[in-house]
$ cat structure.pdb   # PDB, C-alpha atoms, pLDDT in the B column
ATOM      1  CA  MET A  63      52.604 180.792  61.135  1.00 82.00           C
ATOM      2  CA  LEU A  64      52.687 183.838  63.445  1.00 83.00           C
ATOM      3  CA  PRO A  65      52.389 187.334  61.958  1.00 77.00           C
ATOM      4  CA  HIS A  66      55.009 188.654  64.429  1.00 81.00           C
ATOM      5  CA  ARG A  67      58.408 189.710  63.104  1.00 83.00           C
ATOM      6  CA  ILE A  68      61.712 190.738  64.672  1.00 85.00           C
ATOM      7  CA  PRO A  69      62.094 192.399  67.103  1.00 85.00           C
ATOM      8  CA  PHE A  70      58.743 191.200  68.431  1.00 87.00           C
ATOM      9  CA  LEU A  71      58.905 187.563  67.402  1.00 93.00           C
ATOM     10  CA  LEU A  72      59.901 186.058  70.739  1.00 96.00           C
ATOM     11  CA  ILE A  73      59.902 182.339  69.959  1.00 97.00           C
ATOM     12  CA  ASP A  74      62.881 180.698  68.263  1.00 96.00           C
ATOM     13  CA  LYS A  75      61.501 177.216  67.675  1.00 97.00           C
ATOM     14  CA  ILE A  76      58.522 174.945  68.234  1.00 97.00           C
ATOM     15  CA  MET A  77      59.716 171.614  69.617  1.00 98.00           C
ATOM     16  CA  GLU A  78      56.397 169.762  69.963  1.00 98.00           C
ATOM     17  CA  LEU A  79      52.933 170.384  68.578  1.00 97.00           C
ATOM     18  CA  GLU A  80      50.000 168.149  69.445  1.00 97.00           C
ATOM     19  CA  ALA A  81      46.246 168.675  69.385  1.00 94.00           C
ATOM     20  CA  ASP A  82      46.198 169.790  73.034  1.00 96.00           C
ATOM     21  CA  ARG A  83      49.817 170.793  73.758  1.00 98.00           C
ATOM     22  CA  VAL A  84      52.656 172.895  72.380  1.00 97.00           C
ATOM     23  CA  VAL A  85      56.280 173.332  73.445  1.00 98.00           C
ATOM     24  CA  GLY A  86      58.303 176.312  72.238  1.00 98.00           C
ATOM     25  CA  VAL A  87      61.818 177.584  72.929  1.00 98.00           C
ATOM     26  CA  LYS A  88      63.364 181.032  73.372  1.00 98.00           C
ATOM     27  CA  ASN A  89      67.149 181.352  73.592  1.00 98.00           C
ATOM     28  CA  VAL A  90      67.826 184.526  75.566  1.00 97.00           C
ATOM     29  CA  THR A  91      71.006 186.337  74.514  1.00 96.00           C
ATOM     30  CA  MET A  92      72.631 189.582  75.612  1.00 93.00           C
ATOM     31  CA  ASN A  93      71.917 190.929  72.104  1.00 92.00           C
ATOM     32  CA  GLU A  94      68.155 191.130  72.793  1.00 92.00           C
ATOM     33  CA  TRP A  95      66.806 194.626  72.147  1.00 89.00           C
ATOM     34  CA  PHE A  96      65.099 194.887  75.539  1.00 90.00           C
ATOM     35  CA  PHE A  97      68.335 194.495  77.518  1.00 89.00           C
ATOM     36  CA  GLN A  98      69.526 197.900  76.279  1.00 85.00           C
ATOM     37  CA  GLY A  99      67.100 199.659  78.586  1.00 84.00           C
ATOM     38  CA  HIS A 100      65.821 197.068  81.057  1.00 78.00           C
ATOM     39  CA  PHE A 101      68.287 197.085  83.940  1.00 83.00           C
ATOM     40  CA  PRO A 102      71.448 197.436  81.771  1.00 78.00           C
ATOM     41  CA  GLU A 103      73.668 196.722  84.782  1.00 87.00           C
ATOM     42  CA  ASN A 104      71.555 193.701  85.750  1.00 91.00           C
ATOM     43  CA  PRO A 105      69.921 192.330  82.566  1.00 94.00           C
ATOM     44  CA  VAL A 106      66.622 190.590  83.310  1.00 95.00           C
ATOM     45  CA  MET A 107      64.057 189.612  80.682  1.00 96.00           C
ATOM     46  CA  PRO A 108      60.891 191.650  81.376  1.00 95.00           C
ATOM     47  CA  GLY A 109      58.014 189.602  82.746  1.00 96.00           C
ATOM     48  CA  VAL A 110      55.604 191.072  80.241  1.00 96.00           C
ATOM     49  CA  LEU A 111      57.809 189.708  77.439  1.00 97.00           C
ATOM     50  CA  LEU A 112      57.829 186.275  79.061  1.00 98.00           C
ATOM     51  CA  ILE A 113      54.023 186.415  79.008  1.00 97.00           C
ATOM     52  CA  GLU A 114      54.104 187.521  75.350  1.00 96.00           C
ATOM     53  CA  ALA A 115      56.511 184.706  74.402  1.00 97.00           C
ATOM     54  CA  MET A 116      54.244 182.212  76.142  1.00 97.00           C
ATOM     55  CA  ALA A 117      51.246 183.686  74.315  1.00 96.00           C
ATOM     56  CA  GLN A 118      53.031 183.404  70.971  1.00 95.00           C
ATOM     57  CA  THR A 119      53.726 179.739  71.712  1.00 96.00           C
ATOM     58  CA  GLY A 120      50.056 179.234  72.574  1.00 95.00           C
ATOM     59  CA  GLY A 121      49.090 181.103  69.409  1.00 93.00           C
ATOM     60  CA  ILE A 122      50.764 178.360  67.401  1.00 94.00           C
ATOM     61  CA  LEU A 123      48.538 175.828  69.166  1.00 94.00           C
ATOM     62  CA  VAL A 124      45.306 177.614  68.257  1.00 93.00           C
ATOM     63  CA  LEU A 125      46.410 178.576  64.713  1.00 93.00           C
ATOM     64  CA  ASN A 126      47.234 174.927  64.092  1.00 93.00           C
ATOM     65  CA  THR A 127      43.495 174.170  64.248  1.00 92.00           C
ATOM     66  CA  VAL A 128      42.704 175.992  60.982  1.00 92.00           C
ATOM     67  CA  PRO A 129      43.840 174.993  57.480  1.00 93.00           C
ATOM     68  CA  ASP A 130      44.858 178.552  56.513  1.00 95.00           C
ATOM     69  CA  PRO A 131      46.507 180.151  59.590  1.00 93.00           C
ATOM     70  CA  GLU A 132      47.910 183.033  57.527  1.00 93.00           C
ATOM     71  CA  ASN A 133      44.327 184.331  57.247  1.00 95.00           C
ATOM     72  CA  TYR A 134      43.818 184.720  61.016  1.00 94.00           C
ATOM     73  CA  TRP A 135      44.874 187.050  63.822  1.00 92.00           C
ATOM     74  CA  THR A 136      45.393 185.800  67.366  1.00 91.00           C
ATOM     75  CA  TYR A 137      44.335 188.057  70.244  1.00 92.00           C
ATOM     76  CA  PHE A 138      44.737 187.833  74.011  1.00 90.00           C
ATOM     77  CA  MET A 139      41.473 187.633  75.905  1.00 94.00           C
ATOM     78  CA  LYS A 140      42.598 186.951  79.458  1.00 96.00           C
ATOM     79  CA  ILE A 141      45.617 186.266  81.663  1.00 97.00           C
ATOM     80  CA  ASN A 142      45.121 184.669  85.093  1.00 97.00           C
ATOM     81  CA  GLU A 143      47.307 183.289  87.852  1.00 97.00           C
ATOM     82  CA  ALA A 144      50.546 184.658  86.384  1.00 97.00           C
ATOM     83  CA  ARG A 145      53.450 184.000  88.700  1.00 98.00           C
ATOM     84  CA  PHE A 146      57.076 184.962  88.203  1.00 98.00           C
ATOM     85  CA  LYS A 147      59.280 182.651  90.232  1.00 98.00           C
ATOM     86  CA  GLN A 148      62.815 183.350  89.035  1.00 97.00           C
ATOM     87  CA  LYS A 149      64.692 185.834  86.845  1.00 96.00           C
ATOM     88  CA  VAL A 150      65.387 185.031  83.190  1.00 97.00           C
ATOM     89  CA  MET A 151      68.781 186.331  82.125  1.00 96.00           C
ATOM     90  CA  PRO A 152      71.092 186.262  79.094  1.00 96.00           C
ATOM     91  CA  GLY A 153      72.317 182.746  78.416  1.00 97.00           C
ATOM     92  CA  ASP A 154      69.064 181.122  79.565  1.00 98.00           C
ATOM     93  CA  THR A 155      67.054 178.848  77.302  1.00 98.00           C
ATOM     94  CA  VAL A 156      63.371 179.187  78.155  1.00 98.00           C
ATOM     95  CA  VAL A 157      61.067 176.292  77.305  1.00 98.00           C
ATOM     96  CA  PHE A 158      57.377 177.185  77.147  1.00 98.00           C
ATOM     97  CA  ASP A 159      55.099 174.194  77.732  1.00 98.00           C
ATOM     98  CA  LEU A 160      51.385 174.903  77.283  1.00 98.00           C
ATOM     99  CA  LYS A 161      48.441 172.547  77.586  1.00 98.00           C
ATOM    100  CA  LEU A 162      44.766 173.085  76.860  1.00 97.00           C
ATOM    101  CA  ILE A 163      42.521 173.427  79.904  1.00 97.00           C
ATOM    102  CA  SER A 164      39.433 172.832  77.765  1.00 95.00           C
ATOM    103  CA  PRO A 165      38.839 171.984  74.103  1.00 94.00           C
ATOM    104  CA  ILE A 166      39.179 174.820  71.572  1.00 92.00           C
ATOM    105  CA  ARG A 167      35.698 176.099  70.690  1.00 92.00           C
ATOM    106  CA  ARG A 168      34.806 178.825  68.191  1.00 90.00           C
ATOM    107  CA  GLY A 169      38.479 179.759  67.941  1.00 89.00           C
ATOM    108  CA  ILE A 170      38.835 180.326  71.695  1.00 93.00           C
ATOM    109  CA  CYS A 171      41.736 178.606  73.383  1.00 93.00           C
ATOM    110  CA  HIS A 172      42.055 178.326  77.190  1.00 97.00           C
ATOM    111  CA  MET A 173      45.457 177.016  78.250  1.00 97.00           C
ATOM    112  CA  LYS A 174      47.862 176.745  81.133  1.00 98.00           C
ATOM    113  CA  GLY A 175      51.556 177.149  80.628  1.00 98.00           C
ATOM    114  CA  GLU A 176      54.915 177.006  82.309  1.00 98.00           C
ATOM    115  CA  ALA A 177      58.168 178.682  81.376  1.00 98.00           C
ATOM    116  CA  ILE A 178      61.071 176.461  82.359  1.00 98.00           C
ATOM    117  CA  VAL A 179      64.809 177.185  82.506  1.00 98.00           C
ATOM    118  CA  GLY A 180      66.860 174.054  83.147  1.00 98.00           C
ATOM    119  CA  ASP A 181      64.799 172.136  85.678  1.00 97.00           C
ATOM    120  CA  LYS A 182      63.123 175.176  87.290  1.00 98.00           C
ATOM    121  CA  VAL A 183      59.747 176.725  86.550  1.00 98.00           C
ATOM    122  CA  VAL A 184      60.490 180.448  86.197  1.00 98.00           C
ATOM    123  CA  MET A 185      56.967 181.593  85.265  1.00 98.00           C
ATOM    124  CA  GLU A 186      53.492 180.136  84.967  1.00 98.00           C
ATOM    125  CA  ALA A 187      50.137 181.473  83.823  1.00 98.00           C
ATOM    126  CA  GLU A 188      46.699 180.616  82.554  1.00 98.00           C
ATOM    127  CA  MET A 189      45.710 182.439  79.405  1.00 97.00           C
ATOM    128  CA  MET A 190      42.896 182.651  76.947  1.00 96.00           C
ATOM    129  CA  ALA A 191      43.233 183.680  73.314  1.00 94.00           C
ATOM    130  CA  GLN A 192      40.993 183.887  70.283  1.00 93.00           C
ATOM    131  CA  ILE A 193      41.698 183.617  66.599  1.00 92.00           C
ATOM    132  CA  VAL A 194      39.757 185.925  64.301  1.00 93.00           C
ATOM    133  CA  LYS A 195      39.541 185.662  60.512  1.00 94.00           C
ATOM    134  CA  LYS A 196      41.212 188.608  58.755  1.00 94.00           C
ATOM    135  CA  SER A 197      38.691 190.768  56.917  1.00 89.00           C
TER     136      SER A 197
END
$ encode --input "structure.pdb" --output "structure tokens"
Amino acid sequence: MLPHRIPFLLIDKIMELEADRVVGVKNVTMNEWFFQGHFPENPVMPGVLLIEAMAQTGGILVLNTVPDPENYWTYFMKINEARFKQKVMPGDTVVFDLKLISPIRRGICHMKGEAIVGDKVVMEAEMMAQIVKKS
């Protein structure tokens, strides 16, 4: 459903998809391209990529509202209240759980999400995205 491709497709699987909620998974391995240059002696998944993976998960939620998702682009509009609480490292499985804050209107989706490893919230954020029909 997403137009992203490797190496920038950051979600491995969607576990749950409801009208107002989506849960996606990213298995973080040492083979990830970003570990080559991001603290090679202490590999940590960059926070900006955690945000992007969460956004891709949320993109599935908003694209699921149209019958022809391949004909739309999803764009970030806003990120608020982003908090990074713990490092994400190789071997971690990150679960992204996003819920709508308000109903989707005119292709605009306002959601709140958590990134969870094991039983710990490692990152959280509010984000807004919009889908736009391809021209």
$ resolve_selection --input "structure.pdb" --expression "the PyMOL selection byres ((chain A and resi 64) around 10)" --output "PyMOL selection string"
chain A and resi 63+65-67+71+73+118-119+121-122+125+131-132+134-136
$ residues_around --input "structure.pdb" --residues "range 171-185 of chain A" --least-positions-apart "2" --cutoff "9 Å" --atoms "only C-alpha atoms" --output "PyMOL selection string"
chain A and resi 82-83+109+112-113+116+120-121+123-124+140+144-150+154-169+187-193
$ closest_residue --input "structure.pdb" --among "A:Ala115, A:Met107, A:Met151, A:Ile141" --to "Lys75 in chain A" --atoms "all atoms listed in the file"
A:Ala115
$ atom_distance --input "structure.pdb" --atom1 "CA of Phe138 in chain A" --atom2 "CA of Ala117 in chain A"
7.7 Å
$ atom_distance --input "structure.pdb" --atom1 "CA of Lys88 in chain A" --atom2 "CA of Leu72 in chain A"
6.6 Å
$ atom_distance --input "structure.pdb" --atom1 "CA of Asn133 in chain A" --atom2 "CA of Glu78 in chain A"
22.8 Å
$ closest_residue --input "structure.pdb" --among "A:Gly86, A:Pro108, A:Gly99, A:Pro129" --to "Lys195 in chain A" --atoms "only C-alpha atoms"
A:Pro129
$ decode --input "structure.pdb" --residues "range 106-136 of chain A" --atoms "N, CA and C atoms" --output "CSV table (one decimal), in the first residue's frame"
chain,number,residue,atom,x,y,z
A,106,VAL,N,22.6,2.4,17.4
A,106,VAL,CA,21.3,2.9,17.9
A,106,VAL,C,20.5,3.4,16.7
A,107,MET,N,19.3,2.9,16.6
A,107,MET,CA,18.4,3.4,15.5
A,107,MET,C,18.1,4.9,15.7
A,108,PRO,N,18.4,5.7,14.6
A,108,PRO,CA,18.2,7.1,14.7
A,108,PRO,C,16.7,7.5,15.0
A,109,GLY,N,16.5,8.4,15.9
A,109,GLY,CA,15.2,8.9,16.3
A,109,GLY,C,14.4,9.3,15.1
A,110,VAL,N,15.0,10.0,14.1
A,110,VAL,CA,14.2,10.4,13.0
A,110,VAL,C,13.7,9.3,12.2
A,111,LEU,N,14.4,8.1,12.2
A,111,LEU,CA,13.9,6.9,11.5
A,111,LEU,C,12.8,6.2,12.3
A,112,LEU,N,12.8,6.4,13.6
A,112,LEU,CA,11.7,5.9,14.4
A,112,LEU,C,10.4,6.7,14.1
A,113,ILE,N,10.6,8.0,14.0
A,113,ILE,CA,9.4,8.9,13.6
A,113,ILE,C,8.9,8.5,12.2
A,114,GLU,N,9.8,8.3,11.3
A,114,GLU,CA,9.4,7.9,9.9
A,114,GLU,C,8.7,6.5,9.9
A,115,ALA,N,9.2,5.5,10.7
A,115,ALA,CA,8.6,4.2,10.7
A,115,ALA,C,7.2,4.4,11.3
A,116,MET,N,7.0,5.2,12.4
A,116,MET,CA,5.7,5.5,12.9
A,116,MET,C,4.8,6.1,11.9
A,117,ALA,N,5.3,7.1,11.2
A,117,ALA,CA,4.6,7.8,10.1
A,117,ALA,C,4.1,6.8,9.0
A,118,GLN,N,5.0,5.9,8.6
A,118,GLN,CA,4.6,4.9,7.6
A,118,GLN,C,3.5,4.0,8.1
A,119,THR,N,3.5,3.6,9.4
A,119,THR,CA,2.5,2.9,10.0
A,119,THR,C,1.2,3.6,10.0
A,120,GLY,N,1.2,4.9,10.4
A,120,GLY,CA,0.1,5.8,10.3
A,120,GLY,C,-0.4,6.0,8.9
A,121,GLY,N,0.5,6.0,7.9
A,121,GLY,CA,0.1,6.2,6.5
A,121,GLY,C,-0.8,5.1,6.1
A,122,ILE,N,-0.6,3.9,6.6
A,122,ILE,CA,-1.4,2.7,6.3
A,122,ILE,C,-2.9,3.0,6.7
A,123,LEU,N,-3.0,3.6,7.9
A,123,LEU,CA,-4.3,3.9,8.5
A,123,LEU,C,-5.1,4.8,7.6
A,124,VAL,N,-4.4,5.9,7.2
A,124,VAL,CA,-5.1,6.9,6.3
A,124,VAL,C,-5.3,6.4,4.9
A,125,LEU,N,-4.4,5.7,4.3
A,125,LEU,CA,-4.6,5.1,3.0
A,125,LEU,C,-5.7,4.1,3.0
A,126,ASN,N,-5.9,3.4,4.1
A,126,ASN,CA,-7.0,2.4,4.2
A,126,ASN,C,-8.4,3.0,4.0
A,127,THR,N,-8.5,4.3,4.1
A,127,THR,CA,-9.8,5.0,4.0
A,127,THR,C,-10.2,5.2,2.5
A,128,VAL,N,-9.3,5.0,1.6
A,128,VAL,CA,-9.7,5.2,0.1
A,128,VAL,C,-9.7,3.8,-0.6
A,129,PRO,N,-10.5,3.7,-1.6
A,129,PRO,CA,-10.6,2.4,-2.3
A,129,PRO,C,-9.4,2.1,-3.2
A,130,ASP,N,-8.7,3.2,-3.6
A,130,ASP,CA,-7.5,3.0,-4.5
A,130,ASP,C,-6.3,3.7,-4.0
A,131,PRO,N,-5.7,3.1,-2.9
A,131,PRO,CA,-4.6,3.8,-2.2
A,131,PRO,C,-3.4,3.9,-3.1
A,132,GLU,N,-3.2,3.1,-4.1
A,132,GLU,CA,-2.1,3.3,-5.0
A,132,GLU,C,-2.1,4.6,-5.8
A,133,ASN,N,-3.2,5.3,-5.8
A,133,ASN,CA,-3.3,6.6,-6.5
A,133,ASN,C,-3.2,7.8,-5.6
A,134,TYR,N,-2.6,7.6,-4.4
A,134,TYR,CA,-2.4,8.7,-3.4
A,134,TYR,C,-1.0,8.7,-2.8
A,135,TRP,N,-0.6,9.9,-2.5
A,135,TRP,CA,0.6,10.1,-1.7
A,135,TRP,C,0.3,10.5,-0.3
A,136,THR,N,1.1,10.1,0.6
A,136,THR,CA,0.9,10.5,2.0
A,136,THR,C,2.0,11.5,2.4
